[in-house]
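What follows is work-v5.pdb (PDB, C-alpha atoms).
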```pdb
ATOM      1  CA  MET Y  17       0.000   0.000   0.000
ATOM      2  CA  PRO Y  18       1.511   3.338  -1.023
ATOM      3  CA  ALA Y  19       2.009   5.962   1.680
ATOM      4  CA  ILE Y  20      -0.153   9.046   1.517
ATOM      5  CA  SER Y  21       1.812  11.822  -0.063
ATOM      6  CA  THR Y  22       2.653  14.567   2.387
ATOM      7  CA  ALA Y  23       4.206  16.773  -0.234
ATOM      8  CA  SER Y  24       1.406  19.337  -0.012
ATOM      9  CA  LEU Y  25       1.533  19.515   3.773
ATOM     10  CA  PRO Y  26       4.082  22.354   3.818
ATOM     11  CA  ASP Y  27       1.915  24.315   1.412
ATOM     12  CA  ILE Y  28      -1.095  23.984   3.649
ATOM     13  CA  ILE Y  29       0.899  24.995   6.687
ATOM     14  CA  PHE Y  30       2.391  27.927   4.820
ATOM     15  CA  MET Y  31      -1.082  29.067   3.917
ATOM     16  CA  LEU Y  32      -2.062  29.056   7.581
ATOM     17  CA  LEU Y  33       1.198  30.764   8.407
ATOM     18  CA  PHE Y  34       0.565  33.579   5.944
ATOM     19  CA  PHE Y  35      -2.929  34.040   7.289
ATOM     20  CA  PHE Y  36      -1.630  34.497  10.803
ATOM     21  CA  MET Y  37       1.216  36.723   9.650
ATOM     22  CA  VAL Y  38      -1.244  39.024   7.949
ATOM     23  CA  VAL Y  39      -3.734  39.295  10.790
ATOM     24  CA  THR Y  40      -1.088  39.582  13.482
ATOM     25  CA  VAL Y  41      -0.744  42.869  15.247
ATOM     26  CA  MET Y  42       2.299  42.820  17.430
ATOM     27  CA  ARG Y  43       1.324  44.226  20.779
ATOM     28  CA  GLU Y  44       3.425  47.336  21.080
ATOM     29  CA  SER Y  45       3.370  47.669  24.813
ATOM     30  CA  SER Y  46       3.084  45.078  27.519
ATOM     31  CA  LEU Y  47       0.343  45.751  30.007
ATOM     32  CA  LYS Y  48       1.156  46.509  33.603
ATOM     33  CA  VAL Y  49      -2.459  47.042  34.538
ATOM     34  CA  ALA Y  50      -5.251  44.498  34.263
ATOM     35  CA  VAL Y  51      -7.838  45.631  31.738
ATOM     36  CA  THR Y  52     -11.094  43.878  30.987
ATOM     37  CA  THR Y  53     -13.128  46.197  28.832
ATOM     38  CA  PRO Y  54     -16.896  46.227  29.354
ATOM     39  CA  GLN Y  55     -19.474  45.227  26.768
ATOM     40  CA  ALA Y  56     -21.510  47.577  24.624
ATOM     41  CA  THR Y  57     -23.547  47.587  21.428
ATOM     42  CA  GLU Y  58     -22.964  50.983  19.801
ATOM     43  CA  LEU Y  59     -19.440  50.378  18.632
ATOM     44  CA  THR Y  60     -17.296  52.261  16.180
ATOM     45  CA  LYS Y  61     -14.272  50.570  14.732
ATOM     46  CA  LEU Y  62     -11.010  52.467  14.834
ATOM     47  CA  GLU Y  63      -9.660  52.105  11.343
ATOM     48  CA  ARG Y  64      -6.371  53.923  11.114
ATOM     49  CA  LYS Y  65      -3.911  52.640  13.649
ATOM     50  CA  THR Y  66      -1.506  55.519  13.219
ATOM     51  CA  LEU Y  67      -4.148  58.015  14.287
ATOM     52  CA  VAL Y  68      -4.843  56.249  17.549
ATOM     53  CA  ASN Y  69      -3.124  56.666  20.873
ATOM     54  CA  THR Y  70      -4.036  54.330  23.650
ATOM     55  CA  ILE Y  71      -4.501  55.041  27.319
ATOM     56  CA  TYR Y  72      -4.897  52.090  29.637
ATOM     57  CA  VAL Y  73      -6.582  52.320  33.019
ATOM     58  CA  GLY Y  74      -6.865  49.499  35.499
ATOM     59  CA  ARG Y  75      -5.487  48.001  38.645
ATOM     60  CA  PRO Y  76      -1.793  47.104  38.534
ATOM     61  CA  THR Y  77      -1.223  43.412  37.979
ATOM     62  CA  GLU Y  78       0.076  41.346  40.874
ATOM     63  CA  GLN Y  79       3.764  41.691  40.116
ATOM     64  CA  TYR Y  80       3.541  45.494  40.092
ATOM     65  CA  GLN Y  81       1.326  45.893  43.126
ATOM     66  CA  ASP Y  82       4.308  46.274  45.475
ATOM     67  CA  VAL Y  83       5.506  49.290  43.532
ATOM     68  CA  TYR Y  84       2.291  50.927  42.382
ATOM     69  CA  GLY Y  85      -0.263  49.812  44.934
ATOM     70  CA  LYS Y  86      -3.651  48.322  44.278
ATOM     71  CA  SER Y  87      -5.721  51.341  43.391
ATOM     72  CA  PRO Y  88      -6.434  52.022  39.692
ATOM     73  CA  ARG Y  89      -3.598  53.564  37.723
ATOM     74  CA  MET Y  90      -3.082  54.784  34.215
ATOM     75  CA  GLN Y  91      -0.597  53.362  31.743
ATOM     76  CA  LEU Y  92       0.873  55.299  28.830
ATOM     77  CA  ASN Y  93       3.107  53.475  26.348
ATOM     78  CA  ASP Y  94       4.718  50.801  28.480
ATOM     79  CA  LYS Y  95       4.947  52.417  31.865
ATOM     80  CA  ILE Y  96       2.566  53.465  34.555
ATOM     81  CA  ALA Y  97       2.315  57.229  34.452
ATOM     82  CA  ASP Y  98       0.961  60.172  36.384
ATOM     83  CA  LEU Y  99      -1.900  62.253  35.076
ATOM     84  CA  ALA Y 100       0.469  65.172  34.501
ATOM     85  CA  GLU Y 101       2.263  63.209  31.774
ATOM     86  CA  ILE Y 102      -0.774  63.113  29.484
ATOM     87  CA  PRO Y 103      -0.059  66.328  27.508
ATOM     88  CA  LEU Y 104       3.502  65.201  26.764
ATOM     89  CA  PHE Y 105       2.269  61.768  25.702
ATOM     90  CA  LEU Y 106      -0.284  63.305  23.330
ATOM     91  CA  GLU Y 107       2.304  65.689  21.921
ATOM     92  CA  GLN Y 108       4.785  62.903  21.288
ATOM     93  CA  HIS Y 109       2.179  60.903  19.430
ATOM     94  CA  LYS Y 110       1.065  63.919  17.442
ATOM     95  CA  ARG Y 111       4.594  64.537  16.199
ATOM     96  CA  ASN Y 112       4.537  61.261  14.270
ATOM     97  CA  VAL Y 113       1.291  62.103  12.485
ATOM     98  CA  PRO Y 114       1.336  64.180   9.296
ATOM     99  CA  GLU Y 115      -0.057  67.644   9.825
ATOM    100  CA  PRO Y 116      -3.282  67.416   7.771
ATOM    101  CA  LEU Y 117      -4.357  64.262   9.558
ATOM    102  CA  ARG Y 118      -3.931  65.549  13.092
ATOM    103  CA  GLY Y 119      -7.576  66.498  13.428
ATOM    104  CA  GLY Y 120      -8.506  62.845  13.206
ATOM    105  CA  ILE Y 121      -6.421  61.651  16.131
ATOM    106  CA  THR Y 122      -8.483  59.567  18.508
ATOM    107  CA  SER Y 123      -7.628  58.543  22.028
ATOM    108  CA  SER Y 124      -8.566  54.969  22.656
ATOM    109  CA  MET Y 125      -9.356  54.511  26.328
ATOM    110  CA  ARG Y 126      -8.957  50.908  27.324
ATOM    111  CA  ILE Y 127     -10.448  50.976  30.775
ATOM    112  CA  ASP Y 128     -11.225  48.140  33.128
ATOM    113  CA  GLY Y 129     -14.955  47.842  33.762
ATOM    114  CA  ASP Y 130     -14.579  47.791  37.532
ATOM    115  CA  VAL Y 131     -12.628  51.026  37.822
ATOM    116  CA  THR Y 132     -14.563  53.924  39.320
ATOM    117  CA  MET Y 133     -15.163  57.138  37.415
ATOM    118  CA  GLY Y 134     -12.933  59.352  39.584
ATOM    119  CA  ILE Y 135      -9.677  58.685  37.775
ATOM    120  CA  ILE Y 136     -11.437  58.633  34.405
ATOM    121  CA  GLN Y 137     -12.918  62.035  35.114
ATOM    122  CA  ASP Y 138      -9.438  63.371  35.880
ATOM    123  CA  ILE Y 139      -8.074  61.905  32.651
ATOM    124  CA  LYS Y 140     -10.951  63.370  30.659
ATOM    125  CA  GLU Y 141     -10.248  66.779  32.133
ATOM    126  CA  ARG Y 142      -6.580  66.558  31.091
ATOM    127  CA  LEU Y 143      -7.560  65.444  27.605
ATOM    128  CA  ARG Y 144      -9.929  68.375  27.247
ATOM    129  CA  LYS Y 145      -7.281  70.794  28.460
ATOM    130  CA  ALA Y 146      -4.859  69.354  25.912
ATOM    131  CA  GLY Y 147      -7.438  69.740  23.142
ATOM    132  CA  GLN Y 148      -7.766  66.016  22.526
ATOM    133  CA  LEU Y 149     -11.525  65.763  22.208
ATOM    134  CA  LYS Y 150     -12.052  62.624  20.166
ATOM    135  CA  VAL Y 151     -12.216  59.758  22.605
ATOM    136  CA  ASN Y 152     -13.152  56.158  22.053
ATOM    137  CA  TYR Y 153     -14.153  54.084  25.051
ATOM    138  CA  SER Y 154     -12.941  50.625  24.118
ATOM    139  CA  ALA Y 155     -15.566  47.939  24.521
ATOM    140  CA  LYS Y 156     -16.398  44.453  23.387
ATOM    141  CA  GLN Y 157     -19.382  43.634  21.229
ATOM    142  CA  ARG Y 158     -22.294  42.426  23.293
ATOM    143  CA  SER Y 159     -24.274  39.658  21.688
ATOM    144  CA  GLU Y 160     -27.968  40.154  22.258
TER     145      GLU Y 160
ATOM    146  CA  MET J   2      10.276   2.049  -3.723
ATOM    147  CA  LEU J   3      13.775   3.437  -3.739
ATOM    148  CA  LYS J   4      14.308   2.110  -7.186
ATOM    149  CA  LYS J   5      11.241   3.738  -8.529
ATOM    150  CA  GLY J   6      12.197   7.116  -7.086
ATOM    151  CA  LYS J   7      15.646   6.912  -8.532
ATOM    152  CA  LYS J   8      14.275   6.284 -11.920
ATOM    153  CA  ARG J   9      12.096   9.371 -11.853
ATOM    154  CA  MET J  10      14.574  11.879 -10.568
ATOM    155  CA  GLN J  11      18.235  11.719  -9.829
ATOM    156  CA  ASN J  12      18.672  14.107  -6.886
ATOM    157  CA  GLU J  13      15.893  15.690  -4.935
ATOM    158  CA  VAL J  14      16.198  18.099  -2.051
ATOM    159  CA  ASN J  15      14.657  16.489   0.946
ATOM    160  CA  ALA J  16      11.635  18.645   1.695
ATOM    161  CA  SER J  17      10.192  16.627   4.530
ATOM    162  CA  SER J  18      11.503  19.064   7.143
ATOM    163  CA  MET J  19       9.840  21.959   5.379
ATOM    164  CA  ALA J  20       6.597  21.200   7.162
ATOM    165  CA  ASP J  21       8.387  21.246  10.513
ATOM    166  CA  ILE J  22       9.926  24.623   9.817
ATOM    167  CA  ALA J  23       6.602  26.001   8.706
ATOM    168  CA  PHE J  24       4.964  24.547  11.797
ATOM    169  CA  LEU J  25       7.518  26.246  13.993
ATOM    170  CA  LEU J  26       6.841  29.624  12.399
ATOM    171  CA  LEU J  27       3.123  28.999  12.532
ATOM    172  CA  ILE J  28       3.233  28.251  16.234
ATOM    173  CA  PHE J  29       5.320  31.351  16.864
ATOM    174  CA  PHE J  30       2.740  33.549  15.152
ATOM    175  CA  LEU J  31      -0.132  31.740  16.830
ATOM    176  CA  VAL J  32       1.338  32.515  20.215
ATOM    177  CA  THR J  33       2.226  36.131  19.543
ATOM    178  CA  THR J  34      -1.006  36.959  17.756
ATOM    179  CA  THR J  35      -3.572  39.050  19.487
ATOM    180  CA  ILE J  36      -6.252  39.647  16.949
ATOM    181  CA  LEU J  37      -6.620  43.077  18.361
ATOM    182  CA  GLU J  38      -9.701  44.818  17.226
ATOM    183  CA  ASP J  39     -10.063  48.248  18.621
ATOM    184  CA  LYS J  40     -13.730  48.961  18.829
ATOM    185  CA  GLY J  41     -15.527  51.195  21.191
ATOM    186  CA  VAL J  42     -18.059  53.861  21.986
ATOM    187  CA  LEU J  43     -16.964  57.038  20.235
ATOM    188  CA  VAL J  44     -17.406  60.200  22.266
ATOM    189  CA  LEU J  45     -16.658  63.829  21.512
ATOM    190  CA  LEU J  46     -15.627  65.720  24.628
ATOM    191  CA  PRO J  47     -16.563  69.373  25.017
ATOM    192  CA  PRO J  48     -13.673  71.820  24.658
ATOM    193  CA  TRP J  49     -12.135  73.077  27.869
ATOM    194  CA  SER J  50     -12.812  76.608  28.974
ATOM    195  CA  GLU J  51     -11.537  78.297  32.080
ATOM    196  CA  GLU J  52     -14.660  80.301  32.724
ATOM    197  CA  PRO J  53     -17.486  78.526  34.459
ATOM    198  CA  PRO J  54     -20.292  77.760  32.034
ATOM    199  CA  GLU J  55     -23.012  80.326  31.732
ATOM    200  CA  ASN J  56     -26.145  79.578  33.576
ATOM    201  CA  ILE J  57     -28.588  79.277  30.759
ATOM    202  CA  LYS J  58     -32.084  78.781  31.952
ATOM    203  CA  LEU J  59     -33.424  75.837  30.064
ATOM    204  CA  ASN J  60     -36.993  74.845  29.796
ATOM    205  CA  GLU J  61     -37.289  71.958  32.192
ATOM    206  CA  ARG J  62     -39.309  69.836  29.834
ATOM    207  CA  ASN J  63     -36.423  69.731  27.358
ATOM    208  CA  VAL J  64     -33.866  68.363  29.782
ATOM    209  CA  TYR J  65     -33.679  64.672  30.530
ATOM    210  CA  GLY J  66     -31.666  64.349  33.706
ATOM    211  CA  ILE J  67     -29.969  60.998  34.147
ATOM    212  CA  LEU J  68     -28.008  60.289  37.293
ATOM    213  CA  VAL J  69     -25.882  57.256  38.051
ATOM    214  CA  ASN J  70     -24.934  57.276  41.696
ATOM    215  CA  ALA J  71     -22.034  55.688  43.559
ATOM    216  CA  ASN J  72     -24.021  52.466  44.000
ATOM    217  CA  ASN J  73     -24.512  52.298  40.235
ATOM    218  CA  ASP J  74     -28.242  52.940  40.591
ATOM    219  CA  LEU J  75     -29.975  54.752  37.802
ATOM    220  CA  LEU J  76     -32.112  57.755  38.562
ATOM    221  CA  VAL J  77     -33.969  59.388  35.706
ATOM    222  CA  ARG J  78     -35.786  62.619  36.470
ATOM    223  CA  ASN J  79     -35.601  61.690  40.131
ATOM    224  CA  GLU J  80     -37.285  58.351  39.550
ATOM    225  CA  PRO J  81     -35.409  55.053  39.763
ATOM    226  CA  MET J  82     -35.304  53.192  36.477
ATOM    227  CA  LYS J  83     -34.004  49.902  35.182
ATOM    228  CA  ILE J  84     -31.261  50.056  32.580
ATOM    229  CA  LYS J  85     -33.260  47.997  30.105
ATOM    230  CA  ASP J  86     -36.036  50.597  30.067
ATOM    231  CA  LEU J  87     -33.695  53.515  29.540
ATOM    232  CA  LYS J  88     -33.449  53.288  25.757
ATOM    233  CA  ASP J  89     -37.184  53.270  25.108
ATOM    234  CA  LYS J  90     -37.863  55.986  27.657
ATOM    235  CA  THR J  91     -35.154  58.162  26.144
ATOM    236  CA  LYS J  92     -36.617  57.663  22.690
ATOM    237  CA  GLU J  93     -40.020  58.612  23.978
ATOM    238  CA  PHE J  94     -38.587  61.712  25.620
ATOM    239  CA  ILE J  95     -36.832  62.888  22.465
ATOM    240  CA  MET J  96     -39.626  62.296  19.978
ATOM    241  CA  ASN J  97     -42.552  62.907  22.296
ATOM    242  CA  PRO J  98     -44.982  61.100  19.976
ATOM    243  CA  THR J  99     -48.050  61.829  22.075
ATOM    244  CA  GLY J 100     -47.264  65.500  22.555
ATOM    245  CA  ARG J 101     -46.993  65.359  26.320
ATOM    246  CA  GLU J 102     -46.336  68.515  28.284
ATOM    247  CA  ASP J 103     -43.393  67.161  30.255
ATOM    248  CA  LEU J 104     -41.351  65.710  27.391
ATOM    249  CA  ALA J 105     -39.180  67.473  24.823
ATOM    250  CA  LEU J 106     -40.816  70.136  22.687
ATOM    251  CA  ASN J 107     -39.082  68.731  19.613
ATOM    252  CA  PRO J 108     -35.988  66.569  18.992
ATOM    253  CA  LYS J 109     -33.829  69.616  18.274
ATOM    254  CA  LYS J 110     -34.485  71.033  21.710
ATOM    255  CA  ALA J 111     -33.915  67.795  23.600
ATOM    256  CA  ILE J 112     -30.900  67.662  25.870
ATOM    257  CA  ILE J 113     -29.689  64.636  27.759
ATOM    258  CA  SER J 114     -27.995  65.604  30.985
ATOM    259  CA  LEU J 115     -25.783  62.848  32.305
ATOM    260  CA  LYS J 116     -24.413  63.042  35.792
ATOM    261  CA  HIS J 117     -22.397  60.537  37.718
ATOM    262  CA  ASP J 118     -20.402  60.197  40.905
ATOM    263  CA  ARG J 119     -16.669  59.749  41.205
ATOM    264  CA  GLY J 120     -17.467  56.384  42.753
ATOM    265  CA  THR J 121     -19.643  55.178  39.885
ATOM    266  CA  LYS J 122     -18.309  52.062  38.222
ATOM    267  CA  TYR J 123     -17.047  52.706  34.702
ATOM    268  CA  LYS J 124     -19.043  49.712  33.518
ATOM    269  CA  ALA J 125     -22.308  51.239  34.709
ATOM    270  CA  TYR J 126     -21.458  54.625  33.232
ATOM    271  CA  LEU J 127     -20.588  53.184  29.836
ATOM    272  CA  GLU J 128     -23.737  51.104  29.804
ATOM    273  CA  VAL J 129     -25.867  54.190  30.306
ATOM    274  CA  TYR J 130     -23.926  56.093  27.660
ATOM    275  CA  ASN J 131     -24.358  53.154  25.327
ATOM    276  CA  GLU J 132     -28.127  53.115  25.835
ATOM    277  CA  ILE J 133     -28.401  56.815  25.052
ATOM    278  CA  LYS J 134     -26.374  56.372  21.893
ATOM    279  CA  ALA J 135     -28.512  53.378  20.966
ATOM    280  CA  ALA J 136     -31.658  55.446  21.407
ATOM    281  CA  TYR J 137     -30.320  58.140  19.096
ATOM    282  CA  ARG J 138     -29.121  55.619  16.540
ATOM    283  CA  GLU J 139     -32.540  53.979  16.378
ATOM    284  CA  LEU J 140     -34.290  57.315  16.068
ATOM    285  CA  ARG J 141     -31.955  58.356  13.266
ATOM    286  CA  ASP J 142     -32.519  55.055  11.531
ATOM    287  CA  GLU J 143     -36.274  55.549  11.729
ATOM    288  CA  GLU J 144     -35.979  59.103  10.448
ATOM    289  CA  SER J 145     -33.726  57.984   7.587
ATOM    290  CA  GLU J 146     -36.162  55.246   6.592
ATOM    291  CA  LYS J 147     -38.967  57.757   6.575
ATOM    292  CA  ARG J 148     -37.159  60.401   4.538
ATOM    293  CA  PHE J 149     -34.878  58.438   2.265
ATOM    294  CA  GLY J 150     -36.022  54.828   2.605
ATOM    295  CA  ARG J 151     -32.636  53.623   3.804
ATOM    296  CA  LYS J 152     -30.851  53.133   7.068
ATOM    297  CA  TYR J 153     -28.713  55.944   8.438
ATOM    298  CA  GLU J 154     -25.392  54.269   7.776
ATOM    299  CA  TYR J 155     -26.178  53.755   4.083
ATOM    300  CA  LEU J 156     -27.080  57.391   3.471
ATOM    301  CA  GLN J 157     -25.033  59.859   1.498
ATOM    302  CA  ARG J 158     -23.277  62.624   3.318
ATOM    303  CA  TRP J 159     -25.816  65.398   2.712
ATOM    304  CA  GLN J 160     -28.647  63.063   3.649
ATOM    305  CA  ARG J 161     -26.862  62.212   6.860
ATOM    306  CA  ASP J 162     -26.439  65.880   7.650
ATOM    307  CA  THR J 163     -30.151  66.419   7.187
ATOM    308  CA  VAL J 164     -31.010  63.595   9.544
ATOM    309  CA  ARG J 165     -28.368  64.660  12.019
ATOM    310  CA  ASN J 166     -29.690  68.179  12.057
ATOM    311  CA  ALA J 167     -33.219  66.933  12.591
ATOM    312  CA  ILE J 168     -32.150  64.795  15.558
ATOM    313  CA  PRO J 169     -28.980  66.258  17.031
ATOM    314  CA  LEU J 170     -27.262  64.319  19.767
ATOM    315  CA  VAL J 171     -26.710  66.590  22.736
ATOM    316  CA  ILE J 172     -25.332  64.981  25.845
ATOM    317  CA  SER J 173     -24.313  67.346  28.566
ATOM    318  CA  GLU J 174     -22.119  65.896  31.237
ATOM    319  CA  ALA J 175     -22.207  67.697  34.544
ATOM    320  CA  GLU J 176     -19.313  67.882  36.962
ATOM    321  CA  PRO J 177     -19.518  64.634  38.936
ATOM    322  CA  THR J 178     -20.375  64.513  42.584
ATOM    323  CA  ASP J 179     -17.918  63.003  45.027
ATOM    324  CA  PHE J 180     -19.543  60.728  47.539
ATOM    325  CA  GLY J 181     -18.163  57.288  47.110
ATOM    326  CA  GLU J 182     -14.767  57.247  45.452
ATOM    327  CA  GLU J 183     -12.763  54.224  46.482
ATOM    328  CA  GLN J 184      -9.158  54.641  47.466
TER     329      GLN J 184
END
```

How does the structure come out when it is put into structure tokens?
Amino acid sequence: MPAISTASLPDIIFMLLFFFMVVTVMRESSLKVAVTTPQATELTKLERKTLVNTIYVGRPTEQYQDVYGKSPRMQLNDKIADLAEIPLFLEQHKRNVPEPLRGGITSSMRIDGDVTMGIIQDIKERLRKAGQLKVNYSAKQRSE
Amino acid sequence: MLKKGKKRMQNEVNASSMADIAFLLLIFFLVTTTILEDKGVLVLLPPWSEEPPENIKLNERNVYGILVNANNDLLVRNEPMKIKDLKDKTKEFIMNPTGREDLALNPKKAIISLKHDRGTKYKAYLEVYNEIKAAYRELRDEESEKRFGRKYEYLQRWQRDTVRNAIPLVISEAEPTDFGEEQ
């Protein structure tokens, strides 16, 4: 009995490989806060990645609790930051965006559902003061 | 078997490890992949101004006051309400189909006033915001169907502007109270 030819196996695997290579988005910053976004129905998709800056809010994960405590903190890029660093963060992101597109910059707020509004209110105030008015509250699609 | 192979081709690169290499790469990408879809509730914040806002006297019937307190309870016009009723009640307030005295004069005048506490859970806040947006989306869809026979998202730009002007979304967020912020 002849063996089944496995010559096409690499091709199949390569196909899968290419699929994953295309859909992969390398996570640019590792999270130091735990974020589980809430669910919602009225969602807008953020299309252009370059026009998006991300602000994470949540409780520090276990390994960082000694340093940063357990109360909710904000993460910019890959470090936990103070609220006062927001304008600088926005400015640094803006510098990499071509001038005509700067009006379309959106702040994506990835916030843990169990965080209270106090810190979010403070962040919103800083964003408004910095003139960053387009905000997207990240959420997962809720299936009805 | 060997004989047969030799007859067909003299030398052949052994490709049997190709699958293994591909598998290795595949597994690497599988592990590192986060199919990250950034979706969310889009919000336009009001610009910052140093002066305190002017005290404009608004007709009370045009303001729909929604309060989410530190216990995540919903209070609409000083009456407790369940979150699942909020969308329909908001729609009724905006359109006022029966012409009631205590609901909005017309959709253009309607203002949603959203107030929360610093101790309100973000989840509860977003849920309320989501319901308000849902109410407006449904109303705009209905209006679009009526005027142009298509849903809002399939309209052309000028048609959208017409619908948006007919039913403008005005959410006013008041300075939050501070009763129950956790430390």

Margin query: What's around Y:Gln55 at 9 Å? Count all atoms listed in the file, leave out sequence neighbours fewer than 2 positions away in its own chain, and write the answer as JSON, numbers by chain.
Written below: {"Y": [53, 57, 129, 154, 155, 156, 157, 158, 159], "J": [124, 127, 128]}

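You can rank Y:Lys61, Y:Arg89, Y:Arg126, Y:Lys95 by their closest distance to chain J using all atoms listed in the file, and at the top of that list sits Y:Lys61.
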
Next item on the list: Report the residues retrieved by the ChimeraX specification (/Y :<9) & /J from the displayed file, expressed as a ChimeraX atom specification.
Entry: /J:16-24,26-28,30-31,33-50,71,117-128,131-132,134-135,138,176-177,179,182-184

Margin query: Please list, as a list in words, the residues that have an atom at most 12 Å away from (-35.6, 70.8, 36.1) in the coordinates of this file, counting all atoms listed in the file.
Written below: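 Those within range, by chain then number, are Lys58, Leu59, Asn60, Glu61, Arg62, Asn63, Val64, Tyr65, Gly66, Ile67, Val77, Arg78, Asn79, Asp103, Leu104, Ile112, Ile113 and Ser114 of chain J.
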
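Atom to atom, atom CA of J:Val32 and atom CA of Y:Pro76 stand 23.6 Å apart.
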
Item checked: Expected residue set, 9 Å radius at (-38.3, 52.2, 19.1), only C-alpha atoms, as a VMD selection string -> chain J and resid 88 to 89 92 to 93 136 139 to 140 143

Notebook entry, point to check: atom CA of Y:Asp94 to atom CA of Y:His109: how many Å, to one decimal?
Noted result: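 Separation between atom CA of Y:Asp94 and atom CA of Y:His109: 13.8 Å.
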
Taking all atoms of stretch 132-143 of chain Y that the file lists, what box with edges along x, y and z, padded by 4 Å per side, do you get, with centre and edge lengths in Å to one decimal, as AutoDock Vina command-line options?
```
--center_x -10.9 --center_y 60.4 --center_z 33.6 --size_x 16.6 --size_y 20.9 --size_z 20.0
```
